[in-house]
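Trainee: Structure in structure tokens, see below.
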Amino acid sequence: MSIAIPEWEPPWPVRARAGYVRVTSTMMRGHGCPEQIARKARPDLYPADDAPREPVPAGSFPLGLVRDAVLVLFTSLVNARTPDGEVPVREAVEHAIEQSWQEWSPDVAPAVEAGVVGYLEVLASLRAAGDLPPTKVVADVVAVQDPDGDRVEFWAWAVHHVSLDGARREVHLLRWREVESAALADAEVALIAHVAGSGYLAEHGKWYQRFVPIAGLTQPPPAHEVRVRLIGVLDGTSRECFAGSPEEAAGAFERAVPSAVGVLAGGRTRPTRACGGCNVRHVCPGLPTYPGLLGVAGFAPTTRAVTPSDLWTHGACPRQLHLMRDLGLPRERGEASEALRRGVQVHAWLAAAHDRGVACTEADLPNDLDDIPESLRGLGWSSQEYAVNRPYLRQHLPGCPLREGGVRIISEVEVTAWDDEANVVLSTRPDAAYLGSSGAWVIRETKTLSPRGLPDDRTALLRRYPQVAAAVCLLADGYRPDAQPLDHPGAVELELLGPDSGEVVSFDAGDPLTVLVARTALAERVDAWLFDTAHPIGEHPPCGTCEVAHWCGRQPEASLTLTVADLLGPDADLGTGEGQAQAPDAVLRDLVGVLDEDEEFPF
């Protein structure tokens, strides 16, 4: 079985043609920048111009450390277990952090430890229920197509289990929680199942090096059964995504993957905050560069990415942003506040209404929800939600940009720009942009306010809303939503909607004083964030709605060592069937499937 991989023509000069292609399961989702995905699929293809050397970035993928610690726990730390059969979770976590190529903050350890413990508990539950036989655990399984020609490697980031008799391969995809709602593309699942069913146990050095069979290890025989399972390591959830034979996995692969690999042809760029971590950013023609955009004097030694929302969060609580964005700790999604829910819903209504290309009128907002226009019924509001939002929407009517004839409006404008003087990638998404009758672009941000009056200090507004200041600076520096040069830089409108009154405040991006105030306001926020190394808790932190409050100031648990009884349950039968209690150490080996240093699979 062989599938065709599309050719890719890099938009920059390269040193040599790619020696092979590596297709990962996450590429099958089709998300992200096609050019970046096409580049990642060719790990040994480098631009002719070397990227500037930067320090190793701080870690931002703690779930990856959970996987690494699990693998460490099941393999190289087998000799560290105690005579009582204890599993040294903390030692495994510390070892995984030490061995990582990235620099990690100690603040990640509690979340990683909790994830490892949670995974072991799910594993014990599966074994106790008879859903998972005793297995060996390995890091990487790879399926290779045409190894002697145009080599293609298929690979998935996961924990791979191989049963002791070799008959079953099971792949565990780790998530923090709520696996029932996790979306997986058909091609993604099919690729993972195919790799498990036909791949070999592999290892490699650096990412750009090819996978090779594990040295000195007897490969297991062909599998008879393949399973792919999602595991929620913090909430103990699991979900079976595929169960079948290797032949059925190969069939799913042939049906779903060929159409999904089209993304490997690249062909266009999609700048996002992910550009901050892209190693071909310095040669990419799709990332707009605006030197001095952010107005800061310093230079970040490692490229950073930021959004106005990040700057807002940092202003409220630097530690919240650090835990959530810099460290990527798992979030606990609470119920949205009334103000947040109202703002999101009003924005969705305005976007749907403006997409019609006609101005908003009183006829769009009848007293009864059942009487609203057909084009606006897809939002799924309840009568109570409509009653709450309708007063705010009515205040929009006098300032609707489509009241002026001949206006072309775009909702949800995505903007990403690289200030290479600060080495910061800024991403923002204004609510709307429209080309007015004056021939200049106007960027509009809409905010709903609680019934406490509207602020009237224009400078205070630029300091309060970093997205508005950023939009003014972008227009002043030459940004245009349609990339067409225009003489006048345009304006930014801040639409403030209250339940009883509304106002549209305009900021002229062609006025030097306005631009100076905007750039100063933006620079103050960026500077405070960019050079913050302490990440203190804010003066008035929003702890009640903070999604990472659980990890704030959290210390490691008093004991994070699991015993065999913890994993199997206190009433688990540890007997050997001969009336003799099995040594806890032996039970542990059967449970986690650890490999001694020179041990091979018993095939």
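To be explicit about the labels: the chains of the structure tokens are called A, B, and onward in the order shown, and within each one the residues are counted from 1, while ligands get numbers from 1 in the order they are shown.
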Excluding A:Leu234 and residues on its chain fewer than 5 positions from it, collect all residues at most 10 Å away from it, counting only C-alpha atoms, and give them as a CSV table (one decimal) with N, CA and C atoms, in the first residue's frame.

Mentor:
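Just written: part04.csv:
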chain,number,residue,atom,x,y,z
A,111,ALA,N,1.6,20.0,37.9
A,111,ALA,CA,0.6,19.6,36.8
A,111,ALA,C,1.1,18.3,36.2
A,112,VAL,N,2.4,18.2,35.9
A,112,VAL,CA,3.0,17.0,35.3
A,112,VAL,C,2.8,15.8,36.2
A,114,ALA,N,0.6,15.4,38.5
A,114,ALA,CA,-0.9,15.1,38.5
A,114,ALA,C,-1.2,14.3,37.3
A,115,GLY,N,-0.7,14.7,36.1
A,115,GLY,CA,-1.0,14.0,34.9
A,115,GLY,C,-0.5,12.6,34.8
A,116,VAL,N,0.7,12.4,35.4
A,116,VAL,CA,1.3,11.0,35.4
A,116,VAL,C,0.5,10.1,36.3
A,117,VAL,N,0.2,10.6,37.5
A,117,VAL,CA,-0.6,9.9,38.4
A,117,VAL,C,-2.0,9.5,37.8
A,118,GLY,N,-2.6,10.5,37.2
A,118,GLY,CA,-3.9,10.3,36.5
A,118,GLY,C,-3.8,9.2,35.4
A,119,TYR,N,-2.7,9.3,34.6
A,119,TYR,CA,-2.6,8.3,33.6
A,119,TYR,C,-2.4,6.9,34.2
A,121,GLU,N,-3.5,5.8,36.9
A,121,GLU,CA,-4.8,5.3,37.5
A,121,GLU,C,-5.8,4.9,36.3
A,122,VAL,N,-5.8,5.6,35.2
A,122,VAL,CA,-6.6,5.1,34.1
A,122,VAL,C,-6.1,3.8,33.6
A,175,ARG,N,-4.6,13.6,26.6
A,175,ARG,CA,-5.2,14.9,26.7
A,175,ARG,C,-5.3,15.3,28.2
A,176,TRP,N,-5.5,16.5,28.5
A,176,TRP,CA,-5.7,16.8,30.0
A,176,TRP,C,-7.0,16.3,30.5
A,177,ARG,N,-8.1,16.6,29.8
A,177,ARG,CA,-9.4,16.1,30.3
A,177,ARG,C,-10.4,16.2,29.2
A,178,GLU,N,-11.6,15.7,29.5
A,178,GLU,CA,-12.8,15.8,28.6
A,178,GLU,C,-12.6,15.2,27.2
A,330,PRO,N,-2.6,23.2,32.3
A,330,PRO,CA,-4.0,22.9,31.9
A,330,PRO,C,-5.0,23.8,32.6

Trainee: Can you tell me which residues surround A:Pro258 at a distance of at most 10 Å, considering only C-alpha atoms, apart from same-chain residues fewer than 6 positions away, and format the answer as a VMD selection string?

Mentor: chain A and resid 2 to 6 28 187

Trainee: May I have the selected residues written with N, CA and C atoms, as a compact mmCIF listing (two decimals), in the first residue's frame?

Mentor:
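Written out: again-v7.txt:
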# COMPACT_ATOMS: atom_id res chain seq x y z
N SER A 2 0.58 2.16 -0.90
CA SER A 2 1.39 3.36 -1.02
C SER A 2 0.48 4.52 -1.41
N ILE A 3 0.72 5.68 -0.81
CA ILE A 3 -0.03 6.86 -1.17
C ILE A 3 0.94 7.93 -1.67
N ALA A 4 0.46 8.76 -2.56
CA ALA A 4 1.31 9.79 -3.17
C ALA A 4 1.40 11.01 -2.27
N ILE A 5 2.60 11.48 -2.04
CA ILE A 5 2.83 12.69 -1.27
C ILE A 5 3.03 13.85 -2.27
N PRO A 6 2.28 14.91 -2.13
CA PRO A 6 2.39 16.01 -3.10
C PRO A 6 3.75 16.69 -3.03
N MET A 28 -2.80 15.80 9.82
CA MET A 28 -4.02 15.37 9.15
C MET A 28 -5.22 16.24 9.53
N ALA A 187 -8.81 11.16 9.22
CA ALA A 187 -7.48 10.84 8.69
C ALA A 187 -6.46 10.72 9.82

Trainee: I'd like the contact shell of A:Leu174 - 10 Å cut-off, only C-alpha atoms, skipping same-chain residues fewer than 4 positions apart - returned as a PyMOL selection string.

Mentor: chain A and resi 63-64+66-67+115+119+157-159+179+229-233+238

Trainee: Find the spatial neighbours of A:Ala387, counting only C-alpha atoms, within a cut-off of 12 Å - ignore same-chain residues fewer than 5 positions away - and output them as a list in words.

Mentor: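 Near A:Ala387, the qualifying residues are Arg342, Val346, Leu365, Pro366, Asn367, Asp368, Leu369, Asp370, Trp381, Ser382, Tyr392, Leu393, Arg394 and Pro499 of chain A.
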
Trainee: Excluding A:Arg519 and its own-chain neighbours fewer than 2 positions away, which residues fall within 9 Å of it when counting only C-alpha atoms? Please give them as a PDB file with N, CA and C atoms, in the first residue's frame.

Mentor:
ATOM      1  N   LEU A 293       7.052  48.631  15.462  1.00  0.00           N
ATOM      2  CA  LEU A 293       5.596  48.689  15.620  1.00  0.00           C
ATOM      3  C   LEU A 293       5.191  48.854  17.077  1.00  0.00           C
ATOM      4  N   LEU A 294       5.828  48.105  17.960  1.00  0.00           N
ATOM      5  CA  LEU A 294       5.404  48.062  19.358  1.00  0.00           C
ATOM      6  C   LEU A 294       5.996  49.185  20.194  1.00  0.00           C
ATOM      7  N   GLY A 295       6.975  49.903  19.665  1.00  0.00           N
ATOM      8  CA  GLY A 295       7.506  51.069  20.350  1.00  0.00           C
ATOM      9  C   GLY A 295       8.446  50.782  21.504  1.00  0.00           C
ATOM     10  N   ALA A 469      -5.112  50.460  20.633  1.00  0.00           N
ATOM     11  CA  ALA A 469      -3.796  51.079  20.426  1.00  0.00           C
ATOM     12  C   ALA A 469      -3.013  50.329  19.360  1.00  0.00           C
ATOM     13  N   ALA A 470      -3.073  48.989  19.372  1.00  0.00           N
ATOM     14  CA  ALA A 470      -2.353  48.194  18.378  1.00  0.00           C
ATOM     15  C   ALA A 470      -2.890  48.454  16.979  1.00  0.00           C
ATOM     16  N   VAL A 472      -4.311  51.213  15.851  1.00  0.00           N
ATOM     17  CA  VAL A 472      -3.849  52.536  15.421  1.00  0.00           C
ATOM     18  C   VAL A 472      -2.416  52.450  14.915  1.00  0.00           C
ATOM     19  N   CYS A 473      -1.550  51.760  15.655  1.00  0.00           N
ATOM     20  CA  CYS A 473      -0.142  51.636  15.255  1.00  0.00           C
ATOM     21  C   CYS A 473      -0.002  50.858  13.948  1.00  0.00           C
ATOM     22  N   THR A 514      -2.108  61.409  17.941  1.00  0.00           N
ATOM     23  CA  THR A 514      -2.889  60.214  18.271  1.00  0.00           C
ATOM     24  C   THR A 514      -2.024  58.965  18.196  1.00  0.00           C
ATOM     25  N   VAL A 515      -1.205  58.883  17.147  1.00  0.00           N
ATOM     26  CA  VAL A 515      -0.326  57.722  16.984  1.00  0.00           C
ATOM     27  C   VAL A 515       0.701  57.664  18.110  1.00  0.00           C
ATOM     28  N   LEU A 516       1.234  58.803  18.510  1.00  0.00           N
ATOM     29  CA  LEU A 516       2.205  58.831  19.601  1.00  0.00           C
ATOM     30  C   LEU A 516       1.588  58.316  20.897  1.00  0.00           C
ATOM     31  N   VAL A 517       0.374  58.787  21.203  1.00  0.00           N
ATOM     32  CA  VAL A 517      -0.297  58.335  22.422  1.00  0.00           C
ATOM     33  C   VAL A 517      -0.576  56.831  22.346  1.00  0.00           C
ATOM     34  N   ALA A 521       1.062  53.997  24.768  1.00  0.00           N
ATOM     35  CA  ALA A 521       0.209  53.121  25.573  1.00  0.00           C
ATOM     36  C   ALA A 521       0.507  51.656  25.293  1.00  0.00           C
ATOM     37  N   LEU A 522       0.711  51.321  24.015  1.00  0.00           N
ATOM     38  CA  LEU A 522       1.018  49.939  23.653  1.00  0.00           C
ATOM     39  C   LEU A 522       2.396  49.547  24.169  1.00  0.00           C
ATOM     40  N   ALA A 523       3.382  50.432  24.016  1.00  0.00           N
ATOM     41  CA  ALA A 523       4.746  50.134  24.434  1.00  0.00           C
ATOM     42  C   ALA A 523       4.831  49.890  25.934  1.00  0.00           C
ATOM     43  N   GLU A 524       4.074  50.644  26.719  1.00  0.00           N
ATOM     44  CA  GLU A 524       4.103  50.460  28.169  1.00  0.00           C
ATOM     45  C   GLU A 524       3.633  49.054  28.546  1.00  0.00           C
TER      46      GLU A 524
END

Trainee: Quote the spacing between atom CA of A:Cys284 and atom CA of A:Asp482 in Å to one decimal place.

Mentor: 19.2 Å

Trainee: From a DSSP calculation on the backbone, collect every residue of stretch 405-530 of chain A in strand (DSSP E or B) and output the set as a PyMOL selection string.

Mentor: chain A and resi 408-411+415-419+424-428+432-435+441-448+491-497+502-508

Trainee: Would you write out those residues with C-alpha atoms, as a short mmCIF file (atom, residue, chain, number, x, y, z; two decimals), in the first residue's frame?

Mentor:
data_model
loop_
_atom_site.label_atom_id
_atom_site.label_comp_id
_atom_site.auth_asym_id
_atom_site.auth_seq_id
_atom_site.Cartn_x
_atom_site.Cartn_y
_atom_site.Cartn_z
CA ARG A 408 -17.54 46.85 2.22
CA ILE A 409 -17.20 45.28 5.67
CA ILE A 410 -15.10 42.34 6.83
CA SER A 411 -15.79 40.62 10.15
CA VAL A 415 -3.69 40.35 11.68
CA THR A 416 -0.20 39.06 12.51
CA ALA A 417 2.90 41.24 12.29
CA TRP A 418 6.51 40.79 13.35
CA ASP A 419 8.28 43.71 15.01
CA VAL A 424 8.00 40.04 19.00
CA VAL A 425 5.18 38.64 16.86
CA LEU A 426 1.91 40.48 17.50
CA SER A 427 -1.39 38.81 16.61
CA THR A 428 -4.71 40.60 16.89
CA ALA A 432 -14.49 44.30 11.90
CA ALA A 433 -12.89 46.44 9.21
CA TYR A 434 -14.60 48.39 6.46
CA LEU A 435 -13.61 50.56 3.54
CA TRP A 441 -9.91 51.70 5.87
CA VAL A 442 -11.55 51.82 9.28
CA ILE A 443 -10.91 49.15 11.92
CA ARG A 444 -13.67 48.78 14.48
CA GLU A 445 -13.62 47.25 17.95
CA THR A 446 -16.91 46.83 19.81
CA LYS A 447 -17.21 46.59 23.60
CA THR A 448 -20.28 46.12 25.75
CA ALA A 491 -8.89 55.28 11.47
CA VAL A 492 -9.81 53.02 14.37
CA GLU A 493 -13.28 53.15 15.85
CA LEU A 494 -14.09 52.01 19.38
CA GLU A 495 -17.78 51.28 19.64
CA LEU A 496 -18.94 51.38 23.26
CA LEU A 497 -22.37 49.90 23.86
CA GLY A 502 -23.85 54.04 22.99
CA GLU A 503 -20.96 55.91 21.45
CA VAL A 504 -18.41 55.46 18.65
CA VAL A 505 -15.02 57.02 19.45
CA SER A 506 -12.76 57.50 16.43
CA PHE A 507 -8.94 57.61 16.44
CA ASP A 508 -7.26 59.04 13.35
#

Trainee: Compile the contact shell of A:Leu323 as a PDB file with N, CA and C atoms, in the first residue's frame: residues with an atom at most 10 Å away, counting only C-alpha atoms, same-chain residues fewer than 3 positions apart removed.

Mentor:
ATOM      1  N   SER A  60       6.786  24.979  26.859  1.00  0.00           N
ATOM      2  CA  SER A  60       5.386  25.408  26.846  1.00  0.00           C
ATOM      3  C   SER A  60       4.456  24.249  26.523  1.00  0.00           C
ATOM      4  N   SER A 105      10.233  25.603  33.916  1.00  0.00           N
ATOM      5  CA  SER A 105      10.046  26.221  35.216  1.00  0.00           C
ATOM      6  C   SER A 105       9.602  25.166  36.223  1.00  0.00           C
ATOM      7  N   ASP A 107       7.398  25.459  38.192  1.00  0.00           N
ATOM      8  CA  ASP A 107       5.941  25.575  38.336  1.00  0.00           C
ATOM      9  C   ASP A 107       5.180  24.522  37.536  1.00  0.00           C
ATOM     10  N   VAL A 108       5.845  23.861  36.588  1.00  0.00           N
ATOM     11  CA  VAL A 108       5.122  22.858  35.800  1.00  0.00           C
ATOM     12  C   VAL A 108       5.031  21.529  36.525  1.00  0.00           C
ATOM     13  N   PRO A 318       0.081  39.209  36.210  1.00  0.00           N
ATOM     14  CA  PRO A 318       1.185  38.629  35.453  1.00  0.00           C
ATOM     15  C   PRO A 318       1.346  37.129  35.673  1.00  0.00           C
ATOM     16  N   ARG A 319       1.069  36.660  36.884  1.00  0.00           N
ATOM     17  CA  ARG A 319       1.250  35.224  37.142  1.00  0.00           C
ATOM     18  C   ARG A 319       0.228  34.391  36.375  1.00  0.00           C
ATOM     19  N   GLN A 320      -0.991  34.902  36.257  1.00  0.00           N
ATOM     20  CA  GLN A 320      -2.005  34.178  35.497  1.00  0.00           C
ATOM     21  C   GLN A 320      -1.547  33.970  34.057  1.00  0.00           C
ATOM     22  N   ASP A 326       2.756  31.150  29.056  1.00  0.00           N
ATOM     23  CA  ASP A 326       4.163  30.782  28.979  1.00  0.00           C
ATOM     24  C   ASP A 326       4.379  29.300  29.283  1.00  0.00           C
ATOM     25  N   LEU A 327       3.713  28.810  30.329  1.00  0.00           N
ATOM     26  CA  LEU A 327       3.921  27.420  30.747  1.00  0.00           C
ATOM     27  C   LEU A 327       2.891  26.467  30.154  1.00  0.00           C
ATOM     28  N   GLY A 328       1.778  26.983  29.670  1.00  0.00           N
ATOM     29  CA  GLY A 328       0.778  26.122  29.043  1.00  0.00           C
ATOM     30  C   GLY A 328       0.149  25.130  29.989  1.00  0.00           C
ATOM     31  N   LEU A 329      -0.048  25.515  31.254  1.00  0.00           N
ATOM     32  CA  LEU A 329      -0.642  24.591  32.217  1.00  0.00           C
ATOM     33  C   LEU A 329      -2.115  24.354  31.886  1.00  0.00           C
ATOM     34  N   PRO A 330      -2.628  23.199  32.266  1.00  0.00           N
ATOM     35  CA  PRO A 330      -4.024  22.876  31.935  1.00  0.00           C
ATOM     36  C   PRO A 330      -4.998  23.844  32.596  1.00  0.00           C
ATOM     37  N   ARG A 331      -6.013  24.220  31.854  1.00  0.00           N
ATOM     38  CA  ARG A 331      -6.995  25.183  32.342  1.00  0.00           C
ATOM     39  C   ARG A 331      -8.252  24.464  32.806  1.00  0.00           C
ATOM     40  N   HIS A 535       6.924  37.554  37.355  1.00  0.00           N
ATOM     41  CA  HIS A 535       5.547  37.078  37.193  1.00  0.00           C
ATOM     42  C   HIS A 535       4.772  37.118  38.517  1.00  0.00           C
ATOM     43  N   GLU A 547      -8.562  30.568  35.122  1.00  0.00           N
ATOM     44  CA  GLU A 547      -8.615  29.182  34.663  1.00  0.00           C
ATOM     45  C   GLU A 547      -7.426  28.356  35.129  1.00  0.00           C
ATOM     46  N   VAL A 548      -6.378  29.011  35.654  1.00  0.00           N
ATOM     47  CA  VAL A 548      -5.212  28.267  36.149  1.00  0.00           C
ATOM     48  C   VAL A 548      -5.000  28.525  37.640  1.00  0.00           C
ATOM     49  N   ALA A 549      -6.030  28.974  38.338  1.00  0.00           N
ATOM     50  CA  ALA A 549      -5.904  29.240  39.773  1.00  0.00           C
ATOM     51  C   ALA A 549      -5.501  27.980  40.530  1.00  0.00           C
ATOM     52  N   TRP A 551      -3.299  25.889  39.883  1.00  0.00           N
ATOM     53  CA  TRP A 551      -1.857  25.652  39.881  1.00  0.00           C
ATOM     54  C   TRP A 551      -1.081  26.830  40.468  1.00  0.00           C
ATOM     55  N   CYS A 552      -1.770  27.905  40.825  1.00  0.00           N
ATOM     56  CA  CYS A 552      -1.092  29.100  41.303  1.00  0.00           C
ATOM     57  C   CYS A 552      -0.544  28.869  42.706  1.00  0.00           C
TER      58      CYS A 552
END

Trainee: Based on DSSP run over this structure's backbone, return all residues of stretch 399-540 of chain A in alpha helix (DSSP H), as a VMD selection string.

Mentor: chain A and resid 458 to 464 466 to 476 512 to 530
